[in-house]
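Novice: My structure file start24.cif, mmCIF, C-alpha atoms, is below:
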```cif
data_final
#
loop_
_atom_site.label_atom_id
_atom_site.label_comp_id
_atom_site.auth_asym_id
_atom_site.auth_seq_id
_atom_site.Cartn_x
_atom_site.Cartn_y
_atom_site.Cartn_z
CA MET A 1 5.17 -20.72 -28.44
CA GLU A 2 5.61 -18.35 -25.51
CA CYS A 3 9.19 -17.40 -24.80
CA VAL A 4 10.38 -16.10 -21.46
CA PHE A 5 13.99 -15.94 -20.34
CA GLY A 6 16.24 -13.99 -17.97
CA LEU A 7 19.65 -13.69 -16.41
CA VAL A 8 21.52 -12.07 -13.52
CA GLY A 9 24.31 -9.56 -14.11
CA GLU A 10 26.47 -7.29 -11.99
CA GLY A 11 24.05 -5.50 -9.67
CA PHE A 12 20.99 -6.17 -11.83
CA ALA A 13 18.71 -8.86 -13.25
CA VAL A 14 17.12 -8.71 -16.69
CA VAL A 15 14.12 -10.62 -18.05
CA ALA A 16 12.69 -10.76 -21.56
CA ALA A 17 9.35 -12.09 -22.72
CA ASP A 18 7.56 -12.37 -26.02
CA THR A 19 4.48 -10.17 -26.38
CA SER A 20 2.09 -12.29 -28.43
CA ALA A 21 -1.35 -13.16 -27.12
CA VAL A 22 -2.32 -16.26 -29.09
CA HIS A 23 -5.47 -18.40 -29.24
CA SER A 24 -5.04 -21.51 -31.39
CA ILE A 25 -4.08 -20.11 -34.81
CA LEU A 26 -5.15 -16.54 -34.12
CA VAL A 27 -2.86 -13.82 -32.78
CA HIS A 28 -5.08 -11.58 -30.65
CA LYS A 29 -2.41 -8.94 -30.14
CA SER A 30 1.36 -8.63 -30.39
CA ASN A 31 1.97 -6.09 -27.64
CA GLU A 32 0.82 -8.00 -24.55
CA ASP A 33 3.08 -7.17 -21.61
CA LYS A 34 3.79 -10.44 -19.77
CA ILE A 35 6.29 -8.99 -17.32
CA MET A 36 4.52 -7.53 -14.30
CA VAL A 37 6.12 -5.09 -11.90
CA LEU A 38 5.49 -6.87 -8.61
CA ASP A 39 6.70 -4.01 -6.44
CA SER A 40 9.34 -1.31 -6.67
CA HIS A 41 12.21 -3.81 -6.95
CA LYS A 42 10.70 -7.01 -8.33
CA LEU A 43 9.59 -8.30 -11.70
CA ILE A 44 7.45 -11.31 -12.54
CA ALA A 45 7.78 -12.65 -16.07
CA ALA A 46 5.03 -15.20 -16.58
CA SER A 47 4.02 -17.54 -19.38
CA GLY A 48 1.21 -20.05 -19.67
CA GLU A 49 -2.61 -20.13 -19.70
CA PRO A 50 -3.53 -16.45 -20.29
CA GLY A 51 -6.30 -16.30 -17.69
CA ASP A 52 -4.22 -18.03 -15.04
CA ARG A 53 -1.21 -15.86 -15.87
CA VAL A 54 -3.00 -12.58 -15.19
CA GLN A 55 -5.15 -13.76 -12.26
CA PHE A 56 -2.31 -15.48 -10.47
CA THR A 57 0.32 -12.75 -10.87
CA GLU A 58 -2.17 -10.01 -9.85
CA TYR A 59 -3.09 -12.06 -6.78
CA ILE A 60 0.59 -12.36 -5.85
CA GLN A 61 1.09 -8.63 -6.47
CA LYS A 62 -1.74 -7.60 -4.14
CA ASN A 63 -0.58 -9.97 -1.41
CA VAL A 64 2.96 -8.61 -1.65
CA ALA A 65 1.54 -5.08 -1.28
CA LEU A 66 -0.56 -6.17 1.73
CA TYR A 67 2.54 -7.60 3.43
CA GLN A 68 4.28 -4.28 2.98
CA PHE A 69 1.41 -2.32 4.59
CA ARG A 70 1.08 -4.75 7.45
CA ASN A 71 4.77 -4.90 8.26
CA GLY A 72 6.14 -1.58 7.14
CA ILE A 73 8.88 -3.14 5.02
CA PRO A 74 8.78 -4.91 1.64
CA LEU A 75 9.26 -8.63 1.15
CA THR A 76 12.69 -9.83 0.05
CA THR A 77 12.96 -11.43 -3.39
CA ALA A 78 13.50 -14.83 -1.79
CA ALA A 79 10.44 -14.42 0.42
CA ALA A 80 8.28 -13.36 -2.52
CA ALA A 81 9.52 -16.32 -4.57
CA ASN A 82 8.78 -18.77 -1.76
CA PHE A 83 5.34 -17.25 -1.22
CA THR A 84 4.55 -17.54 -4.94
CA ARG A 85 5.72 -21.13 -5.01
CA GLY A 86 3.69 -21.91 -1.90
CA GLU A 87 0.51 -20.61 -3.55
CA LEU A 88 1.18 -22.73 -6.64
CA ALA A 89 1.85 -25.78 -4.48
CA THR A 90 -1.33 -25.35 -2.43
CA ALA A 91 -3.47 -25.08 -5.55
CA LEU A 92 -1.63 -27.84 -7.38
CA ARG A 93 -3.66 -30.84 -6.26
CA LYS A 94 -7.00 -29.08 -6.25
CA ASN A 95 -7.20 -26.36 -8.84
CA PRO A 96 -3.77 -25.91 -10.44
CA TYR A 97 -2.55 -22.74 -12.11
CA SER A 98 -0.85 -23.31 -15.48
CA VAL A 99 1.71 -20.55 -15.13
CA ASN A 100 5.49 -20.60 -15.42
CA ILE A 101 7.28 -17.76 -13.71
CA LEU A 102 10.69 -16.12 -13.68
CA LEU A 103 10.86 -13.81 -10.66
CA ALA A 104 13.65 -11.24 -10.79
CA GLY A 105 14.41 -8.90 -7.92
CA TYR A 106 16.96 -6.70 -6.24
CA ASP A 107 17.49 -6.51 -2.47
CA LYS A 108 19.80 -3.94 -0.92
CA GLU A 109 21.46 -6.52 1.32
CA THR A 110 21.82 -9.43 -1.11
CA GLY A 111 21.84 -7.84 -4.56
CA PRO A 112 20.08 -9.15 -7.68
CA ALA A 113 18.40 -12.57 -7.84
CA LEU A 114 16.46 -14.67 -10.34
CA TYR A 115 14.05 -17.46 -9.38
CA TYR A 116 12.72 -20.18 -11.67
CA ILE A 117 9.19 -21.26 -10.62
CA ASP A 118 7.37 -23.69 -12.88
CA TYR A 119 3.70 -24.60 -12.98
CA ILE A 120 4.06 -27.59 -10.65
CA ALA A 121 5.69 -25.39 -8.02
CA THR A 122 9.33 -26.18 -8.61
CA LEU A 123 11.51 -23.43 -7.15
CA HIS A 124 15.13 -22.85 -8.11
CA LYS A 125 17.36 -19.88 -7.57
CA VAL A 126 19.27 -19.51 -10.83
CA ASP A 127 21.69 -17.26 -12.71
CA LYS A 128 19.87 -17.80 -15.99
CA GLY A 129 16.58 -19.44 -16.82
CA ALA A 130 14.01 -19.82 -19.57
CA PHE A 131 10.55 -21.24 -20.29
CA GLY A 132 8.74 -22.38 -23.41
CA TYR A 133 9.92 -23.73 -26.78
CA GLY A 134 12.19 -20.72 -26.99
CA SER A 135 14.11 -22.07 -24.02
CA TYR A 136 15.73 -24.72 -26.24
CA PHE A 137 17.45 -21.90 -28.07
CA SER A 138 17.87 -19.22 -25.41
CA LEU A 139 19.30 -21.57 -22.77
CA SER A 140 21.88 -22.92 -25.20
CA THR A 141 22.83 -19.41 -26.28
CA MET A 142 23.07 -18.24 -22.67
CA ASP A 143 25.12 -21.31 -21.72
CA ARG A 144 27.58 -20.40 -24.46
CA HIS A 145 27.96 -16.68 -23.73
CA TYR A 146 26.99 -16.12 -20.10
CA HIS A 147 29.55 -15.36 -17.43
CA SER A 148 28.95 -14.06 -13.95
CA ARG A 149 28.90 -10.29 -13.27
CA MET A 150 28.09 -9.21 -16.83
CA SER A 151 27.55 -5.52 -17.44
CA VAL A 152 24.20 -4.19 -18.65
CA GLU A 153 25.52 -3.79 -22.20
CA GLU A 154 26.89 -7.35 -22.28
CA ALA A 155 23.67 -8.74 -20.84
CA ILE A 156 21.42 -6.90 -23.29
CA ASP A 157 23.68 -8.05 -26.08
CA LEU A 158 23.20 -11.64 -24.90
CA VAL A 159 19.42 -11.11 -24.67
CA ASP A 160 19.47 -9.85 -28.26
CA LYS A 161 21.47 -12.88 -29.34
CA CYS A 162 18.80 -15.12 -27.81
CA ILE A 163 16.03 -13.20 -29.53
CA VAL A 164 17.81 -13.54 -32.88
CA GLU A 165 18.20 -17.26 -32.27
CA ILE A 166 14.52 -17.69 -31.41
CA ARG A 167 13.41 -15.62 -34.39
CA SER A 168 15.51 -17.58 -36.84
CA ARG A 169 15.10 -21.13 -35.47
CA LEU A 170 11.61 -21.39 -33.90
CA VAL A 171 8.96 -22.36 -36.45
CA VAL A 172 6.28 -19.95 -35.16
CA ALA A 173 8.53 -17.40 -33.59
CA PRO A 174 6.87 -14.46 -31.82
CA PRO A 175 7.58 -11.18 -33.64
CA ASN A 176 7.96 -8.85 -30.64
CA PHE A 177 9.72 -8.97 -27.28
CA VAL A 178 9.80 -6.75 -24.21
CA ILE A 179 12.87 -6.47 -22.00
CA LYS A 180 12.67 -5.30 -18.39
CA ILE A 181 15.44 -4.74 -15.87
CA VAL A 182 15.66 -4.48 -12.07
CA ASP A 183 18.56 -2.97 -10.14
CA LYS A 184 19.18 -0.77 -7.12
CA ASP A 185 17.13 2.01 -8.74
CA GLY A 186 14.09 -0.21 -9.12
CA ALA A 187 12.20 -2.29 -11.65
CA ARG A 188 11.49 -0.74 -15.00
CA GLU A 189 10.97 -1.38 -18.69
CA TYR A 190 14.25 -1.40 -20.60
CA ALA A 191 13.31 -1.80 -24.26
CA TRP A 192 11.03 -3.42 -26.82
CA ARG A 193 12.31 -5.45 -29.75
CA GLU A 194 9.62 -5.20 -32.40
CA THR A 195 9.33 -6.50 -35.94
CA VAL A 196 5.57 -6.02 -36.15
CA LYS A 197 3.79 -2.91 -34.89
CA ASP A 198 0.26 -3.36 -33.53
CA SER A 199 -1.19 -0.15 -34.98
CA ILE A 200 -4.90 0.10 -35.84
CA ALA A 201 -4.81 1.59 -39.33
CA SER A 202 -1.70 1.04 -41.34
CA SER A 203 -1.49 3.04 -44.55
CA ALA A 204 -3.98 1.70 -47.10
CA MET B 205 -31.30 -0.16 33.60
CA ALA B 206 -28.43 -2.43 34.58
CA ARG B 207 -30.22 -5.41 33.06
CA TYR B 208 -29.94 -3.89 29.59
CA ASP B 209 -26.21 -3.60 29.25
CA ARG B 210 -25.44 -7.30 29.37
CA ALA B 211 -25.90 -8.32 25.76
CA ILE B 212 -25.31 -6.01 22.84
CA THR B 213 -28.41 -7.05 20.91
CA VAL B 214 -30.80 -5.76 23.55
CA PHE B 215 -32.33 -2.29 23.42
CA SER B 216 -33.12 -0.62 26.72
CA PRO B 217 -36.72 0.55 27.25
CA ASP B 218 -35.77 4.11 26.43
CA GLY B 219 -34.10 3.12 23.16
CA HIS B 220 -30.43 3.00 24.17
CA LEU B 221 -27.83 0.46 23.18
CA PHE B 222 -25.80 0.62 26.35
CA GLN B 223 -22.83 -1.34 25.06
CA VAL B 224 -22.37 1.18 22.27
CA GLU B 225 -22.53 4.04 24.74
CA TYR B 226 -20.01 2.33 27.01
CA ALA B 227 -17.78 1.86 23.98
CA LEU B 228 -18.00 5.60 23.38
CA GLU B 229 -16.87 6.05 27.01
CA ALA B 230 -13.83 3.92 26.22
CA VAL B 231 -13.11 6.24 23.31
CA ARG B 232 -13.43 9.26 25.59
CA LYS B 233 -10.73 7.80 27.78
CA GLY B 234 -8.36 7.20 24.88
CA ASN B 235 -5.60 9.46 23.57
CA ALA B 236 -6.60 12.69 21.92
CA ALA B 237 -6.49 12.55 18.14
CA VAL B 238 -7.06 15.40 15.72
CA GLY B 239 -7.45 15.60 11.94
CA VAL B 240 -7.39 18.74 9.78
CA ARG B 241 -8.14 18.92 6.07
CA GLY B 242 -6.37 21.54 3.95
CA THR B 243 -6.61 22.21 0.23
CA ASP B 244 -3.58 20.11 -0.66
CA THR B 245 -2.50 18.69 2.68
CA ILE B 246 -4.26 16.63 5.34
CA VAL B 247 -2.80 16.27 8.82
CA LEU B 248 -3.35 13.76 11.61
CA GLY B 249 -2.05 14.37 15.10
CA VAL B 250 -2.20 12.01 18.06
CA GLU B 251 -1.32 12.52 21.70
CA LYS B 252 1.52 10.33 22.87
CA LYS B 253 1.20 9.52 26.54
CA SER B 254 4.63 9.65 28.13
CA THR B 255 6.50 6.62 26.85
CA ALA B 256 8.17 4.39 29.37
CA LYS B 257 11.94 4.87 29.37
CA LEU B 258 12.69 1.31 28.35
CA GLN B 259 10.03 1.16 25.64
CA ASP B 260 11.05 1.44 22.00
CA SER B 261 8.73 4.25 20.90
CA ARG B 262 9.13 3.37 17.21
CA SER B 263 7.14 0.19 17.72
CA VAL B 264 4.12 2.16 18.95
CA ARG B 265 2.86 3.75 15.76
CA LYS B 266 -0.53 5.40 16.27
CA ILE B 267 -1.00 6.73 12.73
CA VAL B 268 -1.03 3.96 10.14
CA ASN B 269 -1.19 3.54 6.38
CA LEU B 270 -4.12 1.63 4.97
CA ASP B 271 -2.99 2.08 1.37
CA ASP B 272 -0.65 4.40 -0.53
CA HIS B 273 -3.22 7.20 -0.41
CA ILE B 274 -5.16 6.51 2.81
CA ALA B 275 -4.15 6.80 6.46
CA LEU B 276 -5.91 6.26 9.78
CA ALA B 277 -5.56 7.44 13.36
CA CYS B 278 -7.77 6.36 16.23
CA ALA B 279 -8.71 6.90 19.84
CA GLY B 280 -9.73 4.09 22.15
CA LEU B 281 -8.78 0.43 22.50
CA LYS B 282 -5.58 0.00 20.50
CA ALA B 283 -5.90 -3.77 20.29
CA ASP B 284 -9.31 -3.39 18.64
CA ALA B 285 -7.66 -0.91 16.28
CA ARG B 286 -5.17 -3.55 15.14
CA VAL B 287 -8.00 -5.87 14.11
CA LEU B 288 -9.91 -3.15 12.27
CA VAL B 289 -6.80 -1.82 10.52
CA ASN B 290 -5.87 -5.31 9.38
CA ARG B 291 -9.32 -5.90 7.88
CA ALA B 292 -9.22 -2.49 6.19
CA ARG B 293 -5.79 -3.15 4.68
CA ILE B 294 -6.99 -6.44 3.24
CA GLU B 295 -10.09 -4.72 1.84
CA CYS B 296 -7.93 -2.04 0.18
CA GLN B 297 -5.93 -4.70 -1.68
CA SER B 298 -8.98 -6.84 -2.39
CA HIS B 299 -10.71 -3.86 -3.96
CA ARG B 300 -7.66 -3.21 -6.13
CA LEU B 301 -7.63 -6.86 -7.20
CA THR B 302 -11.30 -7.15 -8.13
CA VAL B 303 -11.99 -3.75 -9.74
CA GLU B 304 -8.42 -2.68 -10.62
CA ASP B 305 -8.95 0.64 -8.86
CA PRO B 306 -7.70 2.01 -5.55
CA VAL B 307 -10.42 2.58 -2.93
CA THR B 308 -11.88 6.01 -2.41
CA VAL B 309 -11.68 7.41 1.13
CA GLU B 310 -15.46 7.21 1.42
CA TYR B 311 -15.50 3.54 0.38
CA ILE B 312 -13.01 2.39 2.97
CA THR B 313 -14.64 4.56 5.65
CA ARG B 314 -18.00 2.99 4.82
CA TYR B 315 -16.36 -0.43 5.04
CA ILE B 316 -14.81 0.23 8.47
CA ALA B 317 -18.02 1.81 9.76
CA GLY B 318 -19.93 -1.20 8.42
CA LEU B 319 -17.65 -3.53 10.38
CA GLN B 320 -18.15 -1.47 13.54
CA GLN B 321 -21.92 -1.55 13.06
CA LYS B 322 -21.97 -5.31 12.54
CA TYR B 323 -20.64 -5.76 16.04
CA THR B 324 -23.50 -3.71 17.47
CA GLN B 325 -26.10 -6.06 16.05
CA SER B 326 -24.76 -9.61 16.13
CA GLY B 327 -25.29 -11.44 19.37
CA GLY B 328 -22.63 -12.21 21.90
CA VAL B 329 -19.82 -9.91 20.80
CA ARG B 330 -18.97 -6.46 22.07
CA PRO B 331 -18.47 -3.46 19.80
CA PHE B 332 -15.04 -2.16 18.80
CA GLY B 333 -13.99 0.37 21.41
CA LEU B 334 -12.56 2.99 19.10
CA SER B 335 -13.35 5.95 16.89
CA THR B 336 -11.23 6.45 13.80
CA LEU B 337 -10.12 9.47 11.80
CA ILE B 338 -9.51 8.48 8.19
CA ILE B 339 -7.73 10.75 5.72
CA GLY B 340 -6.85 10.41 2.10
CA PHE B 341 -6.96 11.78 -1.42
CA ASP B 342 -9.46 10.61 -4.00
CA PRO B 343 -7.44 8.55 -6.51
CA TYR B 344 -8.95 10.34 -9.52
CA SER B 345 -10.20 13.78 -8.55
CA GLY B 346 -7.34 14.28 -6.09
CA ALA B 347 -9.75 15.88 -3.62
CA PRO B 348 -8.67 15.64 0.02
CA SER B 349 -11.02 14.01 2.53
CA LEU B 350 -11.29 13.55 6.28
CA TYR B 351 -13.83 11.13 7.75
CA GLN B 352 -14.67 10.00 11.26
CA THR B 353 -16.26 6.72 12.39
CA ASP B 354 -17.38 5.73 15.87
CA PRO B 355 -18.33 2.52 17.73
CA SER B 356 -21.96 2.80 16.67
CA GLY B 357 -20.92 2.52 13.04
CA THR B 358 -21.90 6.03 11.98
CA PHE B 359 -19.53 8.02 9.82
CA SER B 360 -19.37 11.45 8.27
CA ALA B 361 -16.96 13.77 6.50
CA TRP B 362 -15.33 16.68 8.29
CA LYS B 363 -13.18 19.70 7.56
CA ALA B 364 -11.50 19.18 10.90
CA ASN B 365 -12.35 17.01 13.88
CA ALA B 366 -11.01 15.53 17.06
CA THR B 367 -11.74 12.40 19.07
CA GLY B 368 -10.56 10.85 22.31
CA ARG B 369 -9.63 12.67 25.47
CA ASN B 370 -10.87 16.28 25.68
CA SER B 371 -12.06 16.16 22.10
CA ASN B 372 -14.74 18.73 22.90
CA SER B 373 -12.14 21.37 23.78
CA ILE B 374 -10.17 20.63 20.64
CA ARG B 375 -13.30 20.77 18.50
CA GLU B 376 -14.28 24.09 20.05
CA PHE B 377 -10.83 25.47 19.25
CA LEU B 378 -11.10 24.21 15.68
CA GLU B 379 -14.56 25.69 15.22
CA LYS B 380 -13.23 29.04 16.33
CA ASN B 381 -9.98 28.96 14.38
CA TYR B 382 -10.59 26.82 11.30
CA LYS B 383 -9.99 28.32 7.92
CA GLU B 384 -8.99 26.86 4.56
CA THR B 385 -5.25 26.31 4.74
CA SER B 386 -2.59 24.57 2.72
CA GLY B 387 0.84 23.10 3.26
CA GLN B 388 2.60 24.03 6.47
CA GLU B 389 -0.33 26.18 7.69
CA THR B 390 -2.48 23.04 7.89
CA VAL B 391 0.19 21.29 9.93
CA LYS B 392 0.42 24.24 12.30
CA LEU B 393 -3.34 24.39 12.76
CA ALA B 394 -3.47 20.71 13.65
CA ILE B 395 -0.62 20.98 16.14
CA ARG B 396 -2.08 24.15 17.69
CA ALA B 397 -5.38 22.32 18.17
CA LEU B 398 -3.67 19.34 19.79
CA LEU B 399 -1.61 21.58 22.08
CA GLU B 400 -4.85 22.86 23.61
CA VAL B 401 -5.05 19.63 25.59
CA VAL B 402 -1.59 18.10 25.37
CA GLU B 403 1.57 19.16 27.11
CA SER B 404 3.75 21.14 24.76
CA GLY B 405 6.64 19.32 23.12
CA GLY B 406 7.63 17.04 20.27
CA LYS B 407 7.83 13.97 22.46
CA ASN B 408 4.18 14.19 23.48
CA ILE B 409 2.61 14.27 20.07
CA GLU B 410 2.85 12.18 16.93
CA VAL B 411 2.06 14.00 13.68
CA ALA B 412 1.71 12.68 10.13
CA VAL B 413 1.17 14.72 7.00
CA MET B 414 -0.40 13.41 3.80
CA THR B 415 0.02 15.05 0.42
CA ARG B 416 -1.09 13.91 -3.01
CA GLU B 417 2.45 13.47 -4.33
CA HIS B 418 4.29 12.06 -1.35
CA GLY B 419 1.64 10.07 0.47
CA LEU B 420 1.93 9.82 4.23
CA ARG B 421 4.96 11.24 6.00
CA GLN B 422 5.51 10.89 9.74
CA LEU B 423 7.13 14.02 11.16
CA GLU B 424 10.33 13.61 13.16
CA GLU B 425 10.39 14.75 16.78
CA ALA B 426 12.80 17.54 15.87
CA GLU B 427 10.46 18.83 13.16
CA ILE B 428 7.52 18.85 15.57
CA ASP B 429 9.61 20.66 18.19
CA ALA B 430 10.50 23.32 15.60
CA ILE B 431 6.85 23.89 14.69
CA VAL B 432 5.83 23.96 18.36
CA ALA B 433 8.52 26.59 18.94
CA GLU B 434 7.10 28.63 16.03
CA ILE B 435 3.62 28.36 17.49
CA ASP B 436 4.84 29.40 20.94
CA ALA B 437 6.66 32.39 19.44
CA GLU B 438 3.52 33.42 17.53
CA LYS B 439 1.48 33.12 20.71
CA ALA B 440 3.99 35.24 22.63
CA ALA B 441 4.00 37.86 19.88
CA ALA B 442 0.20 37.96 19.92
CA GLU B 443 0.24 38.40 23.71
CA ALA B 444 2.78 41.21 23.44
CA ALA B 445 0.76 42.92 20.70
CA LYS B 446 -2.33 42.83 22.91
CA LYS B 447 -0.46 44.61 25.70
CA ALA B 448 1.31 47.15 23.45
CA PRO B 449 -1.48 48.87 21.37
CA PRO B 450 -1.71 52.14 23.39
CA LYS B 451 1.69 53.12 21.97
CA GLU B 452 0.27 53.03 18.40
CA THR B 453 -1.34 56.04 16.69
#
```
The structure given in the file should be rewritten as structure tokens.

Specialist:
Amino acid sequence: MECVFGLVGEGFAVVAADTSAVHSILVHKSNEDKIMVLDSHKLIAASGEPGDRVQFTEYIQKNVALYQFRNGIPLTTAAAANFTRGELATALRKNPYSVNILLAGYDKETGPALYYIDYIATLHKVDKGAFGYGSYFSLSTMDRHYHSRMSVEEAIDLVDKCIVEIRSRLVVAPPNFVIKIVDKDGAREYAWRETVKDSIASSA
Amino acid sequence: MARYDRAITVFSPDGHLFQVEYALEAVRKGNAAVGVRGTDTIVLGVEKKSTAKLQDSRSVRKIVNLDDHIALACAGLKADARVLVNRARIECQSHRLTVEDPVTVEYITRYIAGLQQKYTQSGGVRPFGLSTLIIGFDPYSGAPSLYQTDPSGTFSAWKANATGRNSNSIREFLEKNYKETSGQETVKLAIRALLEVVESGGKNIEVAVMTREHGLRQLEEAEIDAIVAEIDAEKAAAEAAKKAPPKET
């Protein structure tokens, strides 16, 4: 029931992901951050097999860092997306990773970008994308309300609409979401949308 | 004796590994490099042999980043340096991936020295012809470090050191003039040491400064020229003071 979705606005890209770590019928935790900061201006929102998700995205992150040290300049979003997809494709017919990825980034020359990379190494550059059961609801909502060059307020409003839709219509909807944004000032956390707090001792 | 320098794996009768010693000769012919450790700043300086007019000097970087908090300068065969630096960079990221921690300066120095030693023992390959100066801050304690490795694979920590051409003169100067410094004083000490053997001027030396907060920063030629001018002025003032004393009291 993992939900990941994102969209591109005017000079920024925003991604949202649910924060539940689930094993069969048990919720391990509801504050698992599934959106990794790949480098200063890139975000990877990943969903899928928990082990693969962490191992694969960390592997990509370290290789992106290595490229930067070797060459003195960071990878472009497109290059990082193609590299990620290449790794998935190479492993596909031997030892596949079960990870779906939305890669959001900002390049000075080309602006914001969002890439849809699924577990069998499909790569699409998109304006809006989503993974998981939640995608049935978030894609429809985004199709209805999205227009190009949205402002941050409009985009966050649309993200909230999608979260409301998922919460009300998905049978086992995740309670909490994290929203992260990337623009010319870098990649950073924007907000959390919580209905359940993961605190240790609630009042008895 | 000549028979014993052919293959690296062979000791000479008097216990020398000639290939390693010849590698050290190669280092002695390389550009002068100096490293100085301060309390909050570490400085690397390298001699820049006069660049050809048509050469783009920005593509010849002698002081390189291994990670956000570690930098390296070397003296000797620059092509060998490229190989070693590449392996070290990969190891820095690999370490971060497997243990989720950045490397310590000592770890990566031990790794590089280990690589250099490997090539003094395996058959058929020659050693790396370079000595490195590695600087960095410990990721947790924040303590500054300066290490040196050489073709034999030995390494040790230093407060200040030099390698390459005329390194003995530079080391002598440092032994006489070293004191705990911080910030700009550390930079000046490093440049003063390098100017002992290098022609004065910003275009003949490359200097990089590492601090805990800002990582590695390469100094611009203009900045180096300004500091060199300061140093020259201080030297002139010291000379004048030496000649003037009788007027005092």

Novice: Running the PyMOL selection byres ((chain A) within 8 of (chain B)) on this model by hand, what would come out? Give it as a PyMOL selection string.

Specialist: chain A and resi 58-59+62-63+65-66+69-70

Novice: So, counting all atoms listed in the file, which residue among B:Ala277, B:Ile246, B:Ala283, B:Val303 is closest to Pro348 in chain B?

Specialist: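 The answer is B:Ile246, which sits nearest to Pro348 in chain B.
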
Novice: Just checking: using only C-alpha atoms, which residue out of B:Arg375, B:Arg421, B:Lys439, B:Arg314 ends up closest to Ala275 in chain B?

Specialist: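 For Ala275 in chain B, the nearest of the given residues is B:Arg421.
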
Novice: Within 9 Å of Gly129 in chain A, counting only C-alpha atoms, which residues show up once you throw out same-chain ones fewer than 4 positions away? Write them as a VMD selection string, please.

Specialist: chain A and resid 4 to 7 102 114 to 116 135 138 to 139 142

Novice: Keeping only C-alpha atoms, write the selected residues to a file as a PDB file, keeping the file's coordinate frame.

Specialist:
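Contents of the output file again07.pdb:
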```pdb
ATOM      1  CA  VAL A   4      10.380 -16.100 -21.460  1.00  0.00           C
ATOM      2  CA  PHE A   5      13.990 -15.940 -20.340  1.00  0.00           C
ATOM      3  CA  GLY A   6      16.240 -13.990 -17.970  1.00  0.00           C
ATOM      4  CA  LEU A   7      19.650 -13.690 -16.410  1.00  0.00           C
ATOM      5  CA  LEU A 102      10.690 -16.120 -13.680  1.00  0.00           C
ATOM      6  CA  LEU A 114      16.460 -14.670 -10.340  1.00  0.00           C
ATOM      7  CA  TYR A 115      14.050 -17.460  -9.380  1.00  0.00           C
ATOM      8  CA  TYR A 116      12.720 -20.180 -11.670  1.00  0.00           C
ATOM      9  CA  SER A 135      14.110 -22.070 -24.020  1.00  0.00           C
ATOM     10  CA  SER A 138      17.870 -19.220 -25.410  1.00  0.00           C
ATOM     11  CA  LEU A 139      19.300 -21.570 -22.770  1.00  0.00           C
ATOM     12  CA  MET A 142      23.070 -18.240 -22.670  1.00  0.00           C
TER      13      MET A 142
END
```

Novice: Taking the file above as input, evaluate the PyMOL selection byres ((chain A and resi 177) around 6) and report the hits as a short mmCIF file (atom, residue, chain, number, x, y, z; two decimals) with C-alpha atoms, in the coordinates of the input.

Specialist:
```
data_model
loop_
_atom_site.label_atom_id
_atom_site.label_comp_id
_atom_site.auth_asym_id
_atom_site.auth_seq_id
_atom_site.Cartn_x
_atom_site.Cartn_y
_atom_site.Cartn_z
CA ALA A 17 9.35 -12.09 -22.72
CA ASP A 18 7.56 -12.37 -26.02
CA THR A 19 4.48 -10.17 -26.38
CA ASN A 176 7.96 -8.85 -30.64
CA VAL A 178 9.80 -6.75 -24.21
CA TRP A 192 11.03 -3.42 -26.82
CA ARG A 193 12.31 -5.45 -29.75
#
```

Novice: Give as a PyMOL selection string the residues that the PyMOL selection byres ((chain A and resi 196) around 7) matches when applied to the coordinates above.

Specialist: chain A and resi 175-176+194-195+197-198

Novice: Between CA of Tyr226 in chain B and CA of Ala361 in chain B, what is the distance, to one decimal in Å?

Specialist: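 Computing the Euclidean distance for CA of Tyr226 in chain B and CA of Ala361 in chain B yields 23.7 Å.
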
Novice: With distances taken over all atoms listed in the file, which residue among A:Met1, A:Val126, A:Ile181, A:Ala191 lies nearest Ala13 in chain A?

Specialist: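 The shortest atom-to-atom distance to Ala13 in chain A comes from A:Ile181.
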
Novice: Find the residues near range 379-393 of chain B: any atom within 10 Å, counting all atoms listed in the file, skip ones fewer than 6 places away on the same chain, and give them as a list of chain:residue names.

Specialist: B:Gly239, B:Val240, B:Arg241, B:Gly242, B:Thr243, B:Asp244, B:Thr245, B:Ile246, B:Val247, B:Leu248, B:Gly249, B:Lys363, B:Ala364, B:Asn365, B:Ser373, B:Leu399, B:Val411, B:Ala412, B:Val413, B:Met414, B:Thr415, B:Ile428, B:Ile431, B:Val432, B:Glu434, B:Ile435

Novice: Near Asn370 in chain B, within 9 Å and counting all atoms listed in the file, which residues show up once chain neighbours fewer than 6 positions away are dropped, as a list in words?

Specialist: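 Those residues are Arg232, Lys233, Asn235, Ala236 and Val401 of chain B.
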
Novice: Let's have the selection written as a compact mmCIF listing (two decimals), in the frame of the given file, with C-alpha atoms.

Specialist:
```txt
# COMPACT_ATOMS: atom_id res chain seq x y z
CA ARG B 232 -13.43 9.26 25.59
CA LYS B 233 -10.73 7.80 27.78
CA ASN B 235 -5.60 9.46 23.57
CA ALA B 236 -6.60 12.69 21.92
CA VAL B 401 -5.05 19.63 25.59
```

Novice: Which residue out of A:Gly9, A:Gly134, A:Gly186, A:Pro50 has the minimum interatomic distance to Tyr106 in chain A when only C-alpha atoms are used?

Specialist: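 Between A:Gly9, A:Gly134, A:Gly186, A:Pro50, the residue approaching Tyr106 in chain A most closely is A:Gly186.
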
Novice: Set the distance at 12 Å and use only C-alpha atoms: which residues neighbour Asn100 in chain A once local chain neighbours fewer than 4 positions away are removed? I'd like the list as a PyMOL selection string.

Specialist: chain A and resi 2-5+17+34-35+44-50+52-54+56-57+84-85+88+96+115-123+129-132
